[in-house]
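Student: Handing over structure-v6.tsv, TSV, C-alpha atoms.
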```tsv
chain	number	residue	atom	x	y	z
C	1	MET	CA	-12.42	41.81	52.87
C	2	ALA	CA	-12.42	44.54	55.57
C	3	LEU	CA	-12.95	42.02	58.39
C	4	ARG	CA	-10.04	39.94	57.18
C	5	GLN	CA	-7.71	42.97	57.10
C	6	VAL	CA	-8.83	44.01	60.63
C	7	SER	CA	-8.13	40.48	61.83
C	8	ARG	CA	-4.65	40.57	60.30
C	9	TRP	CA	-3.96	43.95	61.90
C	10	CYS	CA	-4.91	42.61	65.34
C	11	CYS	CA	-2.74	39.52	64.90
C	12	LEU	CA	0.27	41.62	63.93
C	13	LEU	CA	-0.35	43.89	66.95
C	14	LYS	CA	-0.52	40.92	69.34
C	15	THR	CA	2.67	39.46	67.85
C	16	ALA	CA	4.57	42.70	68.36
C	17	ARG	CA	3.39	42.94	71.96
C	18	ALA	CA	4.28	39.36	72.70
C	19	ALA	CA	7.79	39.91	71.38
C	20	ASP	CA	8.22	42.99	73.57
C	21	PHE	CA	6.61	41.51	76.69
C	22	PRO	CA	9.81	40.42	78.56
C	23	GLN	CA	11.41	43.84	78.10
C	24	ARG	CA	8.35	45.60	79.44
C	25	LEU	CA	8.22	43.22	82.40
C	26	ARG	CA	11.83	44.00	83.34
C	27	SER	CA	11.13	47.71	82.97
C	28	CYS	CA	8.12	47.43	85.28
C	29	SER	CA	10.12	45.55	87.89
C	30	SER	CA	12.84	48.17	87.92
C	31	THR	CA	10.37	51.05	88.45
C	32	THR	CA	8.30	49.33	91.19
C	33	GLN	CA	9.23	49.66	94.81
C	34	PRO	CA	10.52	46.55	96.62
C	35	GLY	CA	7.82	44.31	97.95
C	36	ARG	CA	5.24	45.77	95.59
C	37	GLU	CA	3.90	43.74	92.66
C	38	CYS	CA	3.67	45.14	89.14
C	39	ALA	CA	0.09	45.90	88.14
C	40	PRO	CA	-1.19	43.99	85.10
C	41	GLN	CA	-2.95	47.14	83.93
C	42	ALA	CA	0.46	48.64	83.14
C	43	LEU	CA	1.13	45.99	80.46
C	44	LEU	CA	-2.21	45.87	78.62
C	45	PRO	CA	-4.22	48.71	77.10
C	46	SER	CA	-7.63	49.52	78.39
C	47	ARG	CA	-10.85	48.46	76.62
C	48	ASN	CA	-11.54	52.02	75.43
C	49	ALA	CA	-8.04	52.26	73.94
C	50	VAL	CA	-8.59	49.13	71.81
C	51	LEU	CA	-11.95	50.42	70.55
C	52	TRP	CA	-10.39	53.75	69.66
C	53	ARG	CA	-7.63	52.08	67.66
C	54	LEU	CA	-10.12	50.02	65.66
C	55	GLN	CA	-12.16	53.12	64.93
C	56	ALA	CA	-9.02	54.96	63.81
C	57	TYR	CA	-8.13	52.05	61.51
C	58	ARG	CA	-11.51	52.29	59.78
C	59	HIS	CA	-10.74	55.90	58.85
C	60	VAL	CA	-7.43	54.95	57.18
C	61	SER	CA	-7.62	55.30	53.37
C	62	VAL	CA	-7.36	52.15	51.26
C	63	GLY	CA	-4.35	53.49	49.31
C	64	SER	CA	-2.19	53.89	52.46
C	65	CYS	CA	-1.24	51.63	55.31
C	66	SER	CA	-0.04	54.46	57.64
C	67	PRO	CA	-1.88	54.95	60.93
C	68	PRO	CA	-3.65	58.25	61.68
C	69	ASP	CA	-1.67	61.34	62.64
C	70	SER	CA	-2.30	60.84	66.30
C	71	ALA	CA	-0.87	57.35	66.04
C	72	LYS	CA	2.22	58.63	64.20
C	73	ASP	CA	2.91	61.04	67.03
C	74	GLY	CA	2.55	58.29	69.61
C	75	CYS	CA	-0.46	60.11	71.19
C	76	PHE	CA	-2.77	57.16	71.75
C	77	HIS	CA	-4.85	58.10	74.82
C	78	SER	CA	-5.63	55.52	77.45
C	79	GLU	CA	-7.90	55.78	80.49
C	80	SER	CA	-5.55	53.71	82.64
C	81	ASN	CA	-3.14	55.50	84.91
C	82	LEU	CA	0.18	54.05	83.74
C	83	PRO	CA	3.57	55.10	85.04
C	84	SER	CA	5.46	57.32	82.61
C	85	PRO	CA	8.05	54.66	81.57
C	86	ALA	CA	5.27	52.16	80.85
C	87	LYS	CA	3.43	54.64	78.62
C	88	GLN	CA	6.59	55.17	76.57
C	89	GLU	CA	7.00	51.43	76.06
C	90	GLN	CA	3.33	51.15	75.04
C	91	ALA	CA	3.78	53.92	72.45
C	92	LYS	CA	6.68	51.99	70.94
C	93	VAL	CA	4.63	48.81	70.70
C	94	GLU	CA	1.65	50.55	69.12
C	95	THR	CA	3.76	51.76	66.10
C	96	LEU	CA	3.78	48.89	63.57
C	97	PRO	CA	7.03	47.98	61.75
C	98	ASP	CA	7.39	49.05	58.12
C	99	LEU	CA	7.65	45.41	57.00
C	100	ASN	CA	4.17	44.57	58.25
C	101	ALA	CA	2.81	47.77	56.69
C	102	LYS	CA	4.29	46.73	53.36
C	103	VAL	CA	2.55	43.37	53.58
C	104	LEU	CA	-0.76	45.09	54.23
C	105	TYR	CA	-0.13	47.46	51.32
C	106	GLU	CA	0.49	44.51	48.98
C	107	ASP	CA	-2.69	42.80	50.18
C	108	TRP	CA	-4.78	45.89	49.51
C	109	ASP	CA	-3.32	46.40	46.03
C	110	ASP	CA	-3.50	42.73	45.09
C	111	ILE	CA	-4.98	42.70	41.58
C	112	PRO	CA	-5.58	39.28	39.98
C	113	PRO	CA	-3.69	38.72	36.66
C	114	SER	CA	-5.60	38.66	33.42
C	115	SER	CA	-6.73	35.26	32.27
C	116	ALA	CA	-5.77	33.66	28.95
C	117	LEU	CA	-9.48	32.98	28.43
C	118	GLU	CA	-10.45	36.63	28.87
C	119	GLU	CA	-12.53	37.95	25.99
C	120	ILE	CA	-11.08	40.78	23.90
C	121	SER	CA	-12.63	43.14	21.39
C	122	GLU	CA	-12.39	42.67	17.64
C	123	GLU	CA	-10.18	45.77	17.36
C	124	GLU	CA	-7.66	44.24	19.80
C	125	ALA	CA	-7.80	40.90	18.00
C	126	VAL	CA	-6.99	42.53	14.65
C	127	GLN	CA	-3.88	44.17	16.12
C	128	ILE	CA	-2.40	40.84	17.23
C	129	ILE	CA	0.44	39.75	14.89
C	130	ALA	CA	1.23	36.04	15.00
C	131	GLU	CA	4.83	35.14	14.14
C	132	PRO	CA	5.19	32.22	11.69
C	133	LEU	CA	6.06	28.98	13.43
C	134	LEU	CA	9.48	27.40	12.91
C	135	PRO	CA	9.05	24.16	10.92
C	136	LEU	CA	9.80	21.12	13.06
C	137	GLN	CA	10.89	19.20	9.98
C	138	SER	CA	11.58	20.22	6.40
C	139	SER	CA	13.36	18.93	3.32
C	140	THR	CA	14.65	22.36	2.31
C	141	LEU	CA	16.66	25.08	4.02
C	142	GLN	CA	14.49	27.72	2.36
C	143	ASP	CA	11.83	27.19	5.04
C	144	TYR	CA	14.29	28.30	7.73
C	145	VAL	CA	15.74	31.42	6.09
C	146	ASP	CA	13.18	33.75	7.69
C	147	HIS	CA	13.99	32.32	11.14
C	148	SER	CA	17.79	32.10	10.90
C	149	GLU	CA	20.09	35.11	10.77
C	150	THR	CA	22.93	32.82	9.66
C	151	LEU	CA	21.05	31.46	6.64
C	152	ALA	CA	19.78	34.91	5.66
C	153	LYS	CA	23.29	36.40	5.63
C	154	LEU	CA	24.76	33.41	3.80
C	155	VAL	CA	22.14	33.82	1.07
C	156	HIS	CA	23.08	37.51	0.88
C	157	LEU	CA	26.70	36.46	0.32
C	158	GLY	CA	25.63	34.31	-2.61
C	159	VAL	CA	25.50	30.84	-1.05
C	160	ASN	CA	23.25	28.48	-3.03
C	161	LEU	CA	21.23	26.67	-0.35
C	162	PHE	CA	19.75	24.30	-2.94
C	163	GLN	CA	23.23	23.00	-3.73
C	164	VAL	CA	24.23	22.93	-0.07
C	165	GLU	CA	21.27	20.68	0.75
C	166	LYS	CA	22.68	18.01	-1.57
C	167	ARG	CA	25.80	17.67	0.56
C	168	GLN	CA	25.66	15.23	3.44
C	169	LYS	CA	24.61	16.85	6.74
C	170	ALA	CA	25.51	20.31	5.42
C	171	GLY	CA	22.00	21.66	5.99
C	172	GLN	CA	21.93	20.54	9.63
C	173	LEU	CA	25.36	22.10	10.11
C	174	LEU	CA	24.28	25.54	8.91
C	175	LEU	CA	21.23	25.52	11.19
C	176	THR	CA	23.43	25.00	14.25
C	177	LEU	CA	25.86	27.83	13.48
C	178	ASP	CA	25.75	31.35	14.90
C	179	PHE	CA	26.80	33.96	12.35
C	180	GLU	CA	28.62	36.30	14.75
C	181	LYS	CA	30.26	33.53	16.78
C	182	ASP	CA	31.04	30.88	14.14
C	183	VAL	CA	30.75	32.25	10.60
C	184	ARG	CA	32.21	35.76	10.72
C	185	LYS	CA	35.70	34.66	11.79
C	186	ILE	CA	35.89	32.10	8.95
C	187	LEU	CA	34.84	34.70	6.39
C	188	LEU	CA	37.53	37.09	7.62
C	189	PHE	CA	40.07	34.26	7.46
C	190	LEU	CA	39.16	33.40	3.85
C	191	LYS	CA	39.44	37.05	2.83
C	192	ASP	CA	42.84	37.21	4.51
C	193	VAL	CA	43.94	34.09	2.58
C	194	GLY	CA	42.98	35.80	-0.65
C	195	VAL	CA	39.51	34.60	-1.60
C	196	GLU	CA	37.71	37.44	-3.38
C	197	ASP	CA	34.45	38.83	-1.98
C	198	ASN	CA	32.47	37.71	-5.01
C	199	GLN	CA	33.87	34.20	-4.62
C	200	LEU	CA	32.87	33.68	-0.98
C	201	GLY	CA	29.36	32.54	-1.90
C	202	PRO	CA	30.44	29.96	-4.51
C	203	PHE	CA	33.25	28.82	-2.22
C	204	LEU	CA	30.92	28.14	0.73
C	205	THR	CA	28.40	26.51	-1.61
C	206	LYS	CA	31.03	23.93	-2.54
C	207	ASN	CA	32.51	23.61	0.94
C	208	PRO	CA	30.13	24.65	3.76
C	209	TYR	CA	31.98	22.34	6.16
C	210	ILE	CA	34.82	24.83	6.55
C	211	LEU	CA	32.49	26.93	8.75
C	212	ALA	CA	32.76	24.27	11.45
C	213	GLU	CA	36.56	24.01	11.28
C	214	ASP	CA	38.81	25.25	14.06
C	215	LEU	CA	40.32	28.59	13.08
C	216	GLU	CA	43.71	27.74	14.57
C	217	ALA	CA	43.87	24.51	12.52
C	218	LEU	CA	43.10	26.43	9.32
C	219	GLU	CA	45.83	28.94	10.04
C	220	THR	CA	48.28	26.09	10.68
C	221	ARG	CA	47.57	24.57	7.24
C	222	VAL	CA	48.12	27.89	5.51
C	223	ALA	CA	51.38	28.32	7.42
C	224	TYR	CA	52.48	24.86	6.19
C	225	LEU	CA	51.89	25.85	2.55
C	226	LYS	CA	53.91	29.01	3.10
C	227	SER	CA	56.73	26.92	4.57
C	228	LYS	CA	56.78	24.94	1.29
C	229	LYS	CA	57.49	28.18	-0.58
C	230	PHE	CA	53.97	28.68	-1.93
C	231	GLY	CA	53.34	32.41	-2.42
C	232	LYS	CA	50.28	34.24	-1.12
C	233	ALA	CA	48.79	34.58	-4.62
C	234	GLU	CA	49.47	30.89	-5.31
C	235	ILE	CA	47.79	29.84	-2.05
C	236	ALA	CA	44.79	32.04	-2.86
C	237	GLN	CA	44.54	30.45	-6.31
C	238	MET	CA	44.80	26.91	-4.89
C	239	VAL	CA	42.21	27.51	-2.16
C	240	SER	CA	39.76	29.13	-4.59
C	241	ARG	CA	40.08	26.36	-7.18
C	242	ALA	CA	40.10	23.52	-4.62
C	243	PRO	CA	37.71	24.59	-1.80
C	244	TYR	CA	38.32	21.40	0.19
C	245	LEU	CA	42.08	21.97	0.34
C	246	LEU	CA	42.10	23.54	3.81
C	247	LEU	CA	40.08	20.67	5.28
C	248	PHE	CA	43.16	18.45	4.90
C	249	SER	CA	45.52	18.17	7.83
C	250	VAL	CA	49.17	19.15	7.52
C	251	GLU	CA	50.19	15.49	7.56
C	252	ARG	CA	47.84	14.62	4.71
C	253	LEU	CA	48.97	17.56	2.60
C	254	ASP	CA	52.58	16.58	3.14
C	255	ASN	CA	51.86	12.98	2.13
C	256	ARG	CA	50.13	14.11	-1.09
C	257	LEU	CA	53.02	16.31	-2.13
C	258	GLY	CA	55.45	13.50	-1.39
C	259	PHE	CA	53.38	11.04	-3.45
C	260	PHE	CA	53.47	13.12	-6.66
C	261	LYS	CA	57.12	13.97	-6.20
C	262	ASN	CA	58.17	10.34	-5.78
C	263	GLU	CA	55.68	8.65	-8.12
C	264	LEU	CA	56.40	10.94	-11.05
C	265	GLY	CA	60.05	11.56	-10.25
C	266	LEU	CA	59.59	15.33	-10.34
C	267	SER	CA	61.71	17.95	-8.66
C	268	VAL	CA	60.38	19.98	-5.76
C	269	LYS	CA	59.80	22.99	-8.00
C	270	LYS	CA	57.99	20.97	-10.69
C	271	THR	CA	55.88	19.24	-8.06
C	272	LYS	CA	54.85	22.62	-6.66
C	273	ASP	CA	54.04	23.93	-10.14
C	274	LEU	CA	51.99	20.81	-10.85
C	275	VAL	CA	49.69	21.21	-7.83
C	276	ILE	CA	49.36	24.96	-8.39
C	277	ARG	CA	47.98	24.31	-11.86
C	278	LEU	CA	45.70	21.50	-10.66
C	279	PRO	CA	45.26	21.84	-6.86
C	280	ARG	CA	42.50	19.22	-6.71
C	281	LEU	CA	45.28	16.64	-7.09
C	282	LEU	CA	45.85	17.27	-3.38
C	283	THR	CA	42.20	16.75	-2.45
C	284	GLY	CA	41.01	14.03	-4.81
C	285	LYS	CA	41.37	10.28	-4.50
C	286	LEU	CA	44.73	8.74	-5.34
C	287	GLU	CA	43.40	5.49	-6.83
C	288	PRO	CA	42.33	7.02	-10.19
C	289	VAL	CA	45.73	8.72	-10.41
C	290	LYS	CA	47.58	5.46	-9.88
C	291	GLU	CA	45.38	3.67	-12.42
C	292	ASN	CA	45.94	6.32	-15.12
C	293	LEU	CA	49.69	6.16	-14.59
C	294	GLN	CA	49.56	2.41	-15.13
C	295	VAL	CA	47.40	2.83	-18.24
C	296	CYS	CA	49.88	5.29	-19.75
C	297	GLN	CA	52.82	3.02	-19.08
C	298	ILE	CA	51.42	-0.47	-19.68
C	299	GLU	CA	48.54	-0.08	-22.16
C	300	LEU	CA	49.57	3.02	-24.09
C	301	GLY	CA	53.28	2.23	-24.09
C	302	PHE	CA	54.76	5.51	-22.89
C	303	GLN	CA	58.14	5.56	-21.17
C	304	ARG	CA	58.58	6.95	-17.65
C	305	ASN	CA	60.28	10.12	-18.87
C	306	GLU	CA	57.52	10.61	-21.46
C	307	ILE	CA	54.87	10.24	-18.75
C	308	GLN	CA	56.65	12.91	-16.69
C	309	GLN	CA	56.52	15.35	-19.60
C	310	ILE	CA	52.88	14.55	-20.41
C	311	VAL	CA	51.74	14.96	-16.81
C	312	PHE	CA	53.71	18.15	-16.24
C	313	LYS	CA	52.27	19.76	-19.40
C	314	THR	CA	48.75	18.37	-18.98
C	315	PRO	CA	48.02	17.51	-15.31
C	316	LYS	CA	44.36	16.71	-16.09
C	317	ILE	CA	45.44	13.48	-17.74
C	318	LEU	CA	45.93	12.07	-14.22
C	319	THR	CA	42.22	12.46	-13.42
C	320	ALA	CA	40.79	11.79	-16.90
C	321	SER	CA	38.50	8.87	-17.68
C	322	LYS	CA	40.54	5.77	-18.48
C	323	LYS	CA	38.10	4.78	-21.20
C	324	ARG	CA	38.26	8.15	-22.95
C	325	LEU	CA	42.02	8.24	-22.55
C	326	LYS	CA	42.43	4.90	-24.31
C	327	GLN	CA	39.93	5.75	-27.08
C	328	THR	CA	41.68	9.05	-27.85
C	329	PHE	CA	45.10	7.43	-27.92
C	330	ASP	CA	43.84	4.63	-30.16
C	331	TYR	CA	42.51	7.06	-32.78
C	332	LEU	CA	45.55	9.36	-32.68
C	333	HIS	CA	48.16	6.62	-32.76
C	334	ASN	CA	46.54	3.84	-34.76
C	335	ILE	CA	44.27	5.79	-37.18
C	336	MET	CA	46.10	9.08	-37.65
C	337	GLY	CA	49.55	7.53	-37.23
C	338	ILE	CA	50.86	9.94	-34.58
C	339	PRO	CA	53.97	8.44	-32.89
C	340	HIS	CA	54.56	8.48	-29.10
C	341	HIS	CA	57.17	11.24	-29.21
C	342	MET	CA	54.73	13.56	-31.06
C	343	LEU	CA	51.99	12.84	-28.51
C	344	THR	CA	54.51	13.56	-25.77
C	345	ARG	CA	55.27	16.89	-27.43
C	346	PHE	CA	51.57	17.86	-27.72
C	347	PRO	CA	49.81	16.08	-24.82
C	348	GLN	CA	47.00	18.69	-24.74
C	349	VAL	CA	45.41	16.73	-27.54
C	350	PHE	CA	44.21	14.25	-24.88
C	351	ASN	CA	42.03	16.99	-23.37
C	352	SER	CA	40.14	17.54	-26.63
C	353	LYS	CA	36.89	15.86	-27.55
C	354	LEU	CA	37.39	12.79	-29.68
C	355	LEU	CA	34.55	13.86	-32.00
C	356	ARG	CA	36.29	17.13	-32.87
C	357	ILE	CA	39.53	15.27	-33.65
C	358	LYS	CA	37.69	12.83	-35.92
C	359	GLU	CA	35.72	15.49	-37.82
C	360	ARG	CA	38.74	17.68	-38.55
C	361	HIS	CA	41.06	14.81	-39.45
C	362	MET	CA	38.49	13.36	-41.86
C	363	PHE	CA	37.94	16.78	-43.48
C	364	LEU	CA	41.71	17.26	-43.95
C	365	THR	CA	41.97	13.75	-45.34
C	366	PHE	CA	39.16	14.57	-47.81
C	367	LEU	CA	41.09	17.66	-48.91
C	368	GLY	CA	44.41	15.78	-49.01
C	369	ARG	CA	45.99	17.96	-46.34
C	370	ALA	CA	46.23	15.52	-43.40
C	371	GLN	CA	49.98	15.82	-42.82
C	372	TYR	CA	51.23	15.56	-39.21
C	373	ASP	CA	54.92	14.84	-39.84
C	374	PRO	CA	57.00	17.95	-39.08
C	375	ALA	CA	59.60	16.81	-41.62
C	376	GLN	CA	57.07	16.98	-44.49
C	377	PRO	CA	55.68	20.08	-46.25
C	378	SER	CA	52.22	21.39	-45.29
C	379	TYR	CA	52.80	20.08	-41.76
C	380	ILE	CA	49.87	20.57	-39.35
C	381	SER	CA	50.63	20.56	-35.65
C	382	LEU	CA	48.34	18.70	-33.29
C	383	ASP	CA	47.96	21.83	-31.18
C	384	LYS	CA	46.44	23.82	-34.05
C	385	LEU	CA	44.36	20.85	-35.11
C	386	VAL	CA	42.38	20.79	-31.86
C	387	SER	CA	42.66	24.28	-30.35
C	388	LEU	CA	41.59	26.65	-33.15
C	389	PRO	CA	37.91	27.59	-33.62
C	390	ASP	CA	36.12	26.25	-36.71
C	391	GLU	CA	36.38	29.48	-38.75
C	392	VAL	CA	40.13	29.84	-38.17
C	393	PHE	CA	40.72	26.10	-38.72
C	394	CYS	CA	38.97	26.23	-42.11
C	395	THR	CA	40.71	29.35	-43.44
C	396	GLU	CA	44.26	28.80	-42.06
C	397	ILE	CA	44.64	25.04	-41.80
C	398	ALA	CA	42.17	23.46	-44.26
C	399	LYS	CA	42.30	26.36	-46.75
C	400	ALA	CA	38.54	26.07	-47.23
C	401	SER	CA	35.39	27.92	-46.27
C	402	ILE	CA	33.30	27.24	-43.20
C	403	GLN	CA	30.36	26.37	-45.50
C	404	ASP	CA	32.41	23.62	-47.16
C	405	PHE	CA	33.26	22.21	-43.72
C	406	GLU	CA	29.61	22.26	-42.62
C	407	LYS	CA	28.50	20.54	-45.84
C	408	PHE	CA	31.13	17.86	-45.33
C	409	LEU	CA	29.96	17.20	-41.78
C	410	LYS	CA	26.46	16.53	-43.12
C	411	THR	CA	27.80	13.64	-45.22
C	412	LEU	CA	29.21	11.80	-42.22
```
If you took the structure in this file and wrote it as C-alpha cells, what would it be?
Tutor:
Amino acid sequence: MALRQVSRWCCLLKTARAADFPQRLRSCSSTTQPGRECAPQALLPSRNAVLWRLQAYRHVSVGSCSPPDSAKDGCFHSESNLPSPAKQEQAKVETLPDLNAKVLYEDWDDIPPSSALEEISEEEAVQIIAEPLLPLQSSTLQDYVDHSETLAKLVHLGVNLFQVEKRQKAGQLLLTLDFEKDVRKILLFLKDVGVEDNQLGPFLTKNPYILAEDLEALETRVAYLKSKKFGKAEIAQMVSRAPYLLLFSVERLDNRLGFFKNELGLSVKKTKDLVIRLPRLLTGKLEPVKENLQVCQIELGFQRNEIQQIVFKTPKILTASKKRLKQTFDYLHNIMGIPHHMLTRFPQVFNSKLLRIKERHMFLTFLGRAQYDPAQPSYISLDKLVSLPDEVFCTEIAKASIQDFEKFLKTL
C-alpha cells in the first residue's frame, strides 16, 4: 500500500513539472547571457534532493496529505548551484496542488463498504424490524389498509370497504388515489354542498367514483341546479338521497327534468317538487318509468290526469315492480271494490304490502265493518286502513282488541 502511494506521488510530481517545463525554459533563456546555453542542472533537482523528499514523505502522518513544514515554506535544499530565479520556479513546482492532495486523502481514507453477507450478532438481529410486505394481489381492500393512508382515512370517515369492493373497479380506484391531492378537495366540496359529516362515509360507500371526478365539473352541475331554482337545502337533500346525482352531466340532468315535465304534463314547479321528493328519478333508468306509465294507463285504466295526481302524490309508483303494482290494484279494485277516483285520491295504498291490505280487509269483513264508500256511515279511508299500526287499527277502526285480531290471523 505504501509503495503504491509513493508511486502515485512521484507520478503527480512529474506531471506538474512537465506542465511547467516550457515556462521554466523561457525563464532560463531570459536570465542567461547571449551565446551561453542553459544548463540542464537548473531544470532538474539533484539526486540528494529527490532522496530527501522521499524521506520527508515517509514521515508524513497517514491522516494528513500535507508535506512537512520545510516543504510548506518552500525550503527544499538542493546541492546544485541554481540561479535565484530558477530556485523560485523549482519551489513553486515542488508544492503540490490541493486537488491532488485531496485525491491522496481519499485514497488513504478509503474504507470498503459493509457487505450484505456480513455476519451480525444475535442482539443486532433481534433489533431489526421487518415491515410487512404489500400484497401483490388480494381480493379484499382490508389487506391494503395498513399500507395506504387514503384507505385508512376513508375507513376513519366511516366508508365500508366491504361494500365498496362489490362495485366495479371501485377498489382499484381507491388504491390509486392520494388523500391530500385527490380526496380532500372532494370532501370539502361535499361539505360545502351540504352533506353532513356523519353522512360522508355512507355517501362514499355508495358512490366512491365521485372521488375521481373533476372538481370543476362537479361545481358546474351544482350551479346548474341552482339556476333551476333549487335551494341549497334542497340540493343537499337530493345529493344525500341520490349519491350518483352529481356524476350526471348538465346535459343529462336537463334531459331528465324535461322528460318528466313533458311525459307527465307537469308544471315546472311540480316537476321540481317531484324530483326533490324522489331524486333517484334523475339517476335511475327511464325504461321502468315508461313501462309503469303504460301499465297505469293501459292495463289499470287510469286517465292521464289521474296518473298525474297519482305520480305527484306517490312518486315511488314510477319505480315500483309492475307485477306488484298490478296485483295490488287487482285486489283493491276487483276484490274490495275501490273505484279509480278513490285510488287516485289515496294512491299511497300502492306503497303498502299486499298482505297487510288483505289481512285487515278480511278482519273488517269478518266484523261487518268493511265500508270504503265515503257516502256511507262507518266509512273507513284507505289511508287509515294501511298506515295505522295494528294496535291503533284494532281499537279505532275495527273496534276490537289486538288479541281478537291475532286470533283471527291464526285462522287464515
Student: Which residue, C:Phe346, C:Phe248, C:Tyr379, C:Phe260, has the smallest gap to Ile397 in chain C when you use only C-alpha atoms?
Tutor: C:Tyr379
Student: Do a neighbour search on Glu306 in chain C at 10 Å with all atoms listed in the file, toss out local chain neighbours closer than 4 positions, and write the hits as a list in words.
Tutor: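 Using all atoms listed in the file, the neighbours found are Cys296, Gln297, Gly301, Phe302, Ile310, Val311, Phe312, His340, His341, Leu343, Thr344 and Arg345 of chain C.
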Student: Please identify all polymer residues within 9 Å of Lys270 in chain C, counting all atoms listed in the file, omitting same-chain residues fewer than 4 positions from it, and present them as a ChimeraX atom specification.
Tutor: /C:261,266,274-275,312
Student: Rank nothing, just name the residue among C:Ala152, C:Leu412, C:Val195, C:Ile357 nearest to Ser387 in chain C, using all atoms listed in the file.
Tutor: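 Checking each candidate against Ser387 in chain C, we get C:Ile357 as the closest.
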Student: Interatomic distance between CA of Lys181 in chain C and CA of Asp197 in chain C?
Tutor: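 CA of Asp197 in chain C lies at a distance of 19.9 Å from CA of Lys181 in chain C.
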Student: Find the residue from C:Val222, C:Pro347, C:Ala242, C:Leu177 that sits nearest to Asp192 in chain C; use all atoms listed in the file when measuring.
Tutor: C:Val222
Student: State, in Å with one decimal place, the distance from CA of Val268 in chain C to CA of Met342 in chain C.
Tutor: 26.7 Å
Student: Padding of 4 Å on every side, edges along x, y and z, all listed atoms of range 268-274 of chain C included: what centre and edge lengths in Å, to one decimal, does that box have, as AutoDock Vina command-line options?
Tutor:
```
--center_x 56.2 --center_y 21.6 --center_z -8.3 --size_x 16.4 --size_y 12.7 --size_z 13.1
```
Student: Please compute the CA of Asp273 in chain C-CA of Phe230 in chain C distance, one decimal, in Å.
Tutor: 9.5 Å
Student: For the point (46.4, 28.4, -6.4) in file coordinates, what residues are within 9 Å, counting all atoms listed in the file? Give the answer as a list of chain:residue names?
Tutor: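 Taken together, the residues in range are C:Phe230, C:Gly231, C:Lys232, C:Ala233, C:Glu234, C:Ile235, C:Ala236, C:Gln237, C:Met238, C:Val239, C:Ser240, C:Arg241, C:Ala242, C:Val275, C:Ile276, C:Arg277, C:Leu278, C:Pro279.
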Student: Smallest atom-to-atom distance to Val295 in chain C: which of C:Ser321, C:Glu196, C:Arg221, C:Arg252, using only C-alpha atoms?
Tutor: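 The shortest atom-to-atom distance to Val295 in chain C comes from C:Ser321.
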